[in-house]
$ cat my_file13.csv   # CSV, C-alpha atoms
chain,number,residue,atom,x,y,z
A,9,MET,CA,4.8,-26.3,3.1
A,10,THR,CA,4.3,-22.5,2.9
A,11,LEU,CA,1.1,-20.9,1.6
A,12,GLY,CA,0.6,-17.2,0.8
A,13,PHE,CA,-2.9,-15.6,0.5
A,14,VAL,CA,-4.7,-12.4,0.9
A,15,ARG,CA,-7.9,-11.6,3.0
A,16,PRO,CA,-9.7,-8.5,4.3
A,17,ALA,CA,-8.1,-7.0,7.4
A,18,ARG,CA,-9.8,-7.7,10.7
A,19,LEU,CA,-9.7,-5.8,14.0
A,20,ASP,CA,-7.2,-8.2,15.5
A,21,ASP,CA,-4.8,-7.4,12.7
A,22,VAL,CA,-4.5,-3.7,13.7
A,23,VAL,CA,-1.4,-4.1,16.0
A,24,GLU,CA,0.5,-6.1,13.3
A,25,ILE,CA,-0.4,-3.7,10.6
A,26,ALA,CA,0.9,-0.8,12.6
A,27,ARG,CA,4.1,-2.7,13.5
A,28,ILE,CA,4.7,-3.6,9.9
A,29,GLN,CA,4.2,0.0,8.8
A,30,LEU,CA,6.7,1.3,11.4
A,31,THR,CA,9.3,-1.5,10.7
A,32,THR,CA,9.0,-1.1,6.9
A,33,TRP,CA,9.3,2.6,6.9
A,34,ARG,CA,12.3,2.6,9.2
A,35,VAL,CA,14.1,0.0,7.0
A,36,ALA,CA,12.9,0.9,3.5
A,37,TYR,CA,12.9,4.7,3.8
A,38,ARG,CA,15.9,5.2,6.0
A,39,ARG,CA,17.8,6.8,3.1
A,40,LEU,CA,14.8,8.8,1.9
A,41,LEU,CA,13.5,10.4,5.1
A,42,PRO,CA,15.4,12.0,8.1
A,43,LYS,CA,16.2,9.4,10.8
A,44,HIS,CA,14.7,11.5,13.6
A,45,ILE,CA,11.4,11.7,11.8
A,46,LEU,CA,11.3,7.9,11.4
A,47,ASP,CA,12.3,7.5,15.1
A,48,GLN,CA,9.5,9.7,16.2
A,49,LEU,CA,6.7,7.9,14.4
A,50,ASP,CA,3.9,7.4,16.9
A,51,GLU,CA,2.9,3.7,17.1
A,52,GLU,CA,-0.2,4.4,19.1
A,53,TRP,CA,-1.5,7.0,16.7
A,54,ILE,CA,-0.8,4.7,13.7
A,55,THR,CA,-2.6,1.9,15.5
A,56,ARG,CA,-5.7,4.1,16.1
A,57,ARG,CA,-5.6,5.2,12.4
A,58,TRP,CA,-5.7,1.6,11.2
A,59,ARG,CA,-8.4,0.6,13.8
A,60,GLU,CA,-10.6,3.3,12.3
A,61,ALA,CA,-9.8,2.4,8.7
A,62,ILE,CA,-10.9,-1.2,9.4
A,63,THR,CA,-13.9,-0.7,11.6
A,64,GLU,CA,-15.2,2.6,10.3
A,65,PRO,CA,-14.2,3.0,6.6
A,66,PRO,CA,-15.5,6.1,4.9
A,67,SER,CA,-17.2,4.0,2.3
A,68,PRO,CA,-17.5,0.3,1.2
A,69,ALA,CA,-15.0,1.0,-1.5
A,70,HIS,CA,-12.3,1.9,1.2
A,71,ARG,CA,-10.6,-1.4,1.8
A,72,VAL,CA,-7.7,-2.7,3.8
A,73,LEU,CA,-6.3,-6.1,2.8
A,74,VAL,CA,-3.6,-8.2,4.6
A,75,ALA,CA,-1.1,-10.7,3.1
A,76,ILE,CA,-0.8,-13.9,5.1
A,77,GLU,CA,2.0,-16.4,5.1
A,78,GLN,CA,0.9,-19.8,6.5
A,79,ILE,CA,3.6,-22.3,7.4
A,80,ASP,CA,2.9,-25.9,8.2
A,81,ALA,CA,4.8,-27.3,11.1
A,82,PRO,CA,7.5,-29.8,10.4
A,83,GLY,CA,6.2,-33.3,10.0
A,84,SER,CA,2.7,-32.3,9.0
A,85,GLU,CA,1.3,-34.1,6.0
A,86,SER,CA,-0.8,-32.4,3.2
A,87,GLY,CA,-1.4,-29.5,5.5
A,88,ALA,CA,-3.1,-31.7,8.1
A,89,GLY,CA,-0.7,-30.8,10.9
A,90,PRO,CA,-0.3,-27.7,13.0
A,91,GLU,CA,0.1,-24.4,11.2
A,92,SER,CA,1.5,-20.9,12.0
A,93,SER,CA,0.0,-17.9,10.2
A,94,TYR,CA,1.7,-14.5,10.0
A,95,VAL,CA,0.4,-11.1,8.8
A,96,VAL,CA,3.3,-10.1,6.5
A,97,GLY,CA,2.0,-7.1,4.6
A,98,PHE,CA,-1.0,-5.0,3.8
A,99,ALA,CA,-2.7,-2.8,1.2
A,100,ALA,CA,-5.1,0.1,1.7
A,101,SER,CA,-7.0,1.9,-1.0
A,102,GLY,CA,-10.1,3.9,-1.7
A,103,PRO,CA,-11.8,6.3,-4.1
A,104,ALA,CA,-9.3,9.0,-5.2
A,105,ASP,CA,-9.7,12.2,-3.1
A,106,ASP,CA,-7.7,15.5,-3.1
A,107,THR,CA,-4.7,13.7,-1.6
A,108,ALA,CA,-4.3,12.0,-5.0
A,109,LEU,CA,-3.8,15.3,-6.8
A,110,ALA,CA,-0.6,17.1,-7.6
A,111,PRO,CA,-0.3,20.7,-6.3
A,112,ASP,CA,-0.8,22.2,-9.8
A,113,GLU,CA,-4.0,20.2,-10.5
A,114,ASP,CA,-7.4,21.8,-10.1
A,115,HIS,CA,-8.9,20.5,-6.8
A,116,ASN,CA,-12.3,22.0,-7.8
A,117,THR,CA,-12.6,19.5,-10.6
A,118,LEU,CA,-11.7,16.4,-8.5
A,119,ASP,CA,-15.1,14.7,-8.8
A,120,LYS,CA,-15.2,15.0,-12.6
A,121,ALA,CA,-11.6,14.1,-13.2
A,122,PHE,CA,-11.4,11.1,-10.8
A,123,GLU,CA,-14.9,9.9,-10.6
A,124,SER,CA,-13.9,6.3,-11.6
A,125,THR,CA,-10.4,6.4,-10.1
A,126,VAL,CA,-9.1,4.5,-7.1
A,127,ALA,CA,-5.9,5.4,-5.2
A,128,ILE,CA,-3.6,3.1,-3.3
A,129,THR,CA,-2.7,4.8,0.0
A,130,ASP,CA,-0.4,2.1,1.4
A,131,LEU,CA,1.0,-1.1,0.0
A,132,LEU,CA,3.8,-2.5,2.2
A,133,VAL,CA,5.4,-5.9,2.9
A,134,GLU,CA,7.7,-6.3,5.9
A,135,PRO,CA,11.2,-6.6,4.5
A,136,ARG,CA,12.0,-10.0,6.0
A,137,TRP,CA,9.0,-11.5,4.1
A,138,GLY,CA,9.9,-9.8,0.8
A,139,ARG,CA,10.4,-11.5,-2.6
A,140,ARG,CA,7.8,-14.2,-1.8
A,141,GLY,CA,5.0,-12.8,-4.0
A,142,HIS,CA,3.1,-11.1,-1.2
A,143,GLY,CA,3.1,-7.7,-2.8
A,144,SER,CA,1.9,-9.1,-6.1
A,145,ARG,CA,-0.9,-11.0,-4.4
A,146,LEU,CA,-2.0,-7.9,-2.5
A,147,LEU,CA,-2.0,-5.9,-5.7
A,148,ALA,CA,-3.9,-8.6,-7.7
A,149,ALA,CA,-6.5,-9.0,-5.0
A,150,SER,CA,-7.0,-5.2,-4.9
A,151,VAL,CA,-7.4,-5.0,-8.6
A,152,ASP,CA,-10.1,-7.7,-8.6
A,153,LEU,CA,-12.0,-5.6,-5.9
A,154,TRP,CA,-11.5,-2.3,-7.8
A,155,ARG,CA,-13.0,-3.8,-10.9
A,156,THR,CA,-15.9,-5.1,-9.0
A,157,ASP,CA,-16.5,-1.7,-7.6
A,158,GLY,CA,-16.5,-0.2,-11.1
A,159,PHE,CA,-13.2,1.7,-11.0
A,160,THR,CA,-11.5,2.1,-14.4
A,161,THR,CA,-8.2,3.7,-13.3
A,162,ALA,CA,-5.8,3.3,-10.4
A,163,LEU,CA,-3.3,5.7,-9.0
A,164,ALA,CA,-0.4,5.5,-6.6
A,165,TRP,CA,2.3,7.9,-5.3
A,166,THR,CA,5.8,6.7,-4.7
A,167,PHE,CA,8.9,8.5,-3.5
A,168,ALA,CA,11.0,9.4,-6.5
A,169,ASP,CA,14.0,7.6,-5.1
A,170,ASP,CA,12.1,4.5,-4.0
A,171,ARG,CA,13.6,2.2,-6.6
A,172,VAL,CA,12.0,-1.0,-5.2
A,173,THR,CA,8.4,0.2,-5.3
A,174,ARG,CA,8.9,1.9,-8.7
A,175,GLN,CA,10.2,-1.3,-10.2
A,176,PHE,CA,7.4,-3.3,-8.6
A,177,LEU,CA,4.7,-1.1,-10.1
A,178,GLN,CA,6.4,-1.0,-13.5
A,179,SER,CA,6.6,-4.8,-13.6
A,180,ALA,CA,2.9,-4.9,-12.9
A,181,GLY,CA,2.0,-2.7,-15.9
A,182,TRP,CA,1.9,0.7,-14.2
A,183,ALA,CA,3.6,3.8,-15.5
A,184,PRO,CA,4.3,7.4,-14.4
A,185,ASP,CA,1.5,9.8,-15.5
A,186,GLY,CA,3.7,12.9,-15.3
A,187,ALA,CA,2.4,14.3,-12.0
A,188,ARG,CA,4.9,15.3,-9.4
A,189,ARG,CA,4.9,16.7,-5.9
A,190,SER,CA,7.3,17.2,-3.0
A,191,LEU,CA,6.5,16.4,0.7
A,192,ASP,CA,7.8,18.9,3.2
A,193,VAL,CA,9.3,16.7,5.9
A,194,ASP,CA,10.9,18.8,8.6
A,195,ASP,CA,12.0,21.4,6.1
A,196,MET,CA,13.3,18.7,3.7
A,197,LEU,CA,11.5,18.4,0.4
A,198,VAL,CA,11.1,14.8,-0.6
A,199,PRO,CA,10.0,14.4,-4.2
A,200,GLN,CA,7.3,12.0,-5.3
A,201,ILE,CA,5.9,10.8,-8.6
A,202,ARG,CA,2.4,9.5,-9.4
A,203,TRP,CA,1.8,6.2,-11.2
A,204,HIS,CA,-1.3,5.1,-13.0
A,205,THR,CA,-2.8,2.1,-14.7
A,206,SER,CA,-6.0,1.2,-16.5
A,207,LEU,CA,-8.3,-1.4,-15.0
A,208,GLU,CA,-10.4,-1.9,-18.1
A,209,ALA,CA,-10.2,-5.4,-19.5
A,210,ASP,CA,-9.5,-4.2,-23.1
A,211,SER,CA,-6.7,-1.8,-22.0
A,212,GLU,CA,-3.4,-2.0,-23.9
A,213,ASP,CA,-1.6,-1.8,-20.6
A,214,PRO,CA,-3.5,-4.0,-18.2
A,215,VAL,CA,-2.5,-4.6,-14.6
A,216,ILE,CA,-0.4,-7.7,-14.5
A,217,ALA,CA,0.0,-9.9,-11.4
A,218,THR,CA,3.7,-10.7,-11.1
$ encode --input "my_file13.csv" --output "structure tokens"
Amino acid sequence: MTLGFVRPARLDDVVEIARIQLTTWRVAYRRLLPKHILDQLDEEWITRRWREAITEPPSPAHRVLVAIEQIDAPGSESGAGPESSYVVGFAASGPADDTALAPDEDHNTLDKAFESTVAITDLLVEPRWGRRGHGSRLLAASVDLWRTDGFTTALAWTFADDRVTRQFLQSAGWAPDGARRSLDVDDMLVPQIRWHTSLEADSEDPVIAT
């Protein structure tokens, strides 16, 4: 039997989170970003970044969650036998800061404009564990925590040509909000679009766990 669930990230998850980020970027973004940039990603730097995010978050509202797939060993009955658990994905989010803004938006009004807004900074599932509901569980768990924290709106940036992530967010009730930007990646401009959704219970377009 296979069981999927989500929990807060722990220090001993750091190496797996960094590995998943590297693997997923190199597979999912190989047609979006230059190969030499993906090949040069620094695993040690990424690992340090996640260690700090988990052990020293800027605020209690900055969270890192991991998706777990738990597999019972053959022959076990009702989950009583040996199990294997794998970290298969993760999500990171926190109060929206200036990185959530588009270049043409006024950074001086950030606090007023986004005072009740949370931003997803990462939501990745390793490709070999895809299509098993892990992304939806990560998003649903994040939404529950955002509402508990009092956020009323959520934002996320995606690459404009990242069809998989765009379809995932759209199926969960998110929509583009009209903001756009381009990342300068080794003199190559990679366009991104921003998505948003309301977290309020009476919203006409609530976040849906798919």
$ atom_distance --input "my_file13.csv" --atom1 "atom CA of A:Val23" --atom2 "atom CA of A:Arg56"
9.3 Å
$ closest_residue --input "my_file13.csv" --among "A:Gly102, A:Gly97, A:Pro42, A:Pro65" --to "A:Ser150" --atoms "all atoms listed in the file"
A:Gly102
$ residues_near_point --input "my_file13.csv" --point "(1.0, -16.4, 12.5)" --cutoff "10 Å" --atoms "only C-alpha atoms" --output "list in words"
Ile76, Glu77, Gln78, Ile79, Glu91, Ser92, Ser93, Tyr94, Val95 and Val96 of chain A
$ residues_around --input "my_file13.csv" --residues "A:Arg18" --least-positions-apart "4" --cutoff "9 Å" --atoms "all atoms listed in the file" --output "PyMOL selection string"
chain A and resi 22+59+62-63+72-74
$ residues_around --input "my_file13.csv" --residues "stretch 123-134 of chain A" --least-positions-apart "3" --cutoff "6 Å" --atoms "all atoms listed in the file" --output "PyMOL selection string"
chain A and resi 28+32+96-104+119-120+137+159-164
$ atom_distance --input "my_file13.csv" --atom1 "atom CA of A:Pro111" --atom2 "atom CA of A:Gln200"
11.6 Å
$ closest_residue --input "my_file13.csv" --among "A:Asp195, A:Asp170, A:Asp112, A:Glu60" --to "A:Leu19" --atoms "all atoms listed in the file"
A:Glu60
$ atom_distance --input "my_file13.csv" --atom1 "atom CA of A:Arg15" --atom2 "atom CA of A:Ala180"
20.4 Å
$ residues_around --input "my_file13.csv" --residues "stretch 188-193 of chain A" --least-positions-apart "2" --cutoff "10 Å" --atoms "all atoms listed in the file" --output "VMD selection string"
chain A and resid 41 to 42 45 109 to 112 165 to 168 184 to 186 195 to 203
$ write_last_selection --input "my_file13.csv" --atoms "C-alpha atoms" --output "mmCIF file, keeping the file's coordinate frame"
data_model
loop_
_atom_site.group_PDB
_atom_site.id
_atom_site.type_symbol
_atom_site.label_atom_id
_atom_site.label_comp_id
_atom_site.auth_asym_id
_atom_site.auth_seq_id
_atom_site.Cartn_x
_atom_site.Cartn_y
_atom_site.Cartn_z
ATOM 1 C CA LEU A 41 13.500 10.400 5.100
ATOM 2 C CA PRO A 42 15.400 12.000 8.100
ATOM 3 C CA ILE A 45 11.400 11.700 11.800
ATOM 4 C CA LEU A 109 -3.800 15.300 -6.800
ATOM 5 C CA ALA A 110 -0.600 17.100 -7.600
ATOM 6 C CA PRO A 111 -0.300 20.700 -6.300
ATOM 7 C CA ASP A 112 -0.800 22.200 -9.800
ATOM 8 C CA TRP A 165 2.300 7.900 -5.300
ATOM 9 C CA THR A 166 5.800 6.700 -4.700
ATOM 10 C CA PHE A 167 8.900 8.500 -3.500
ATOM 11 C CA ALA A 168 11.000 9.400 -6.500
ATOM 12 C CA PRO A 184 4.300 7.400 -14.400
ATOM 13 C CA ASP A 185 1.500 9.800 -15.500
ATOM 14 C CA GLY A 186 3.700 12.900 -15.300
ATOM 15 C CA ASP A 195 12.000 21.400 6.100
ATOM 16 C CA MET A 196 13.300 18.700 3.700
ATOM 17 C CA LEU A 197 11.500 18.400 0.400
ATOM 18 C CA VAL A 198 11.100 14.800 -0.600
ATOM 19 C CA PRO A 199 10.000 14.400 -4.200
ATOM 20 C CA GLN A 200 7.300 12.000 -5.300
ATOM 21 C CA ILE A 201 5.900 10.800 -8.600
ATOM 22 C CA ARG A 202 2.400 9.500 -9.400
ATOM 23 C CA TRP A 203 1.800 6.200 -11.200
#
$ closest_residue --input "my_file13.csv" --among "A:Ile25, A:Ala209, A:Leu30, A:Ala149" --to "A:Ala61" --atoms "all atoms listed in the file"
A:Ile25
$ closest_residue --input "my_file13.csv" --among "A:His115, A:Trp53, A:Ala69, A:Leu40" --to "A:Thr156" --atoms "only C-alpha atoms"
A:Ala69
$ closest_residue --input "my_file13.csv" --among "A:Leu147, A:Ala75, A:Arg27, A:Ala187" --to "A:Trp58" --atoms "only C-alpha atoms"
A:Arg27
$ closest_residue --input "my_file13.csv" --among "A:Asp106, A:Glu208, A:Asp21, A:Asp194" --to "A:Arg155" --atoms "all atoms listed in the file"
A:Glu208
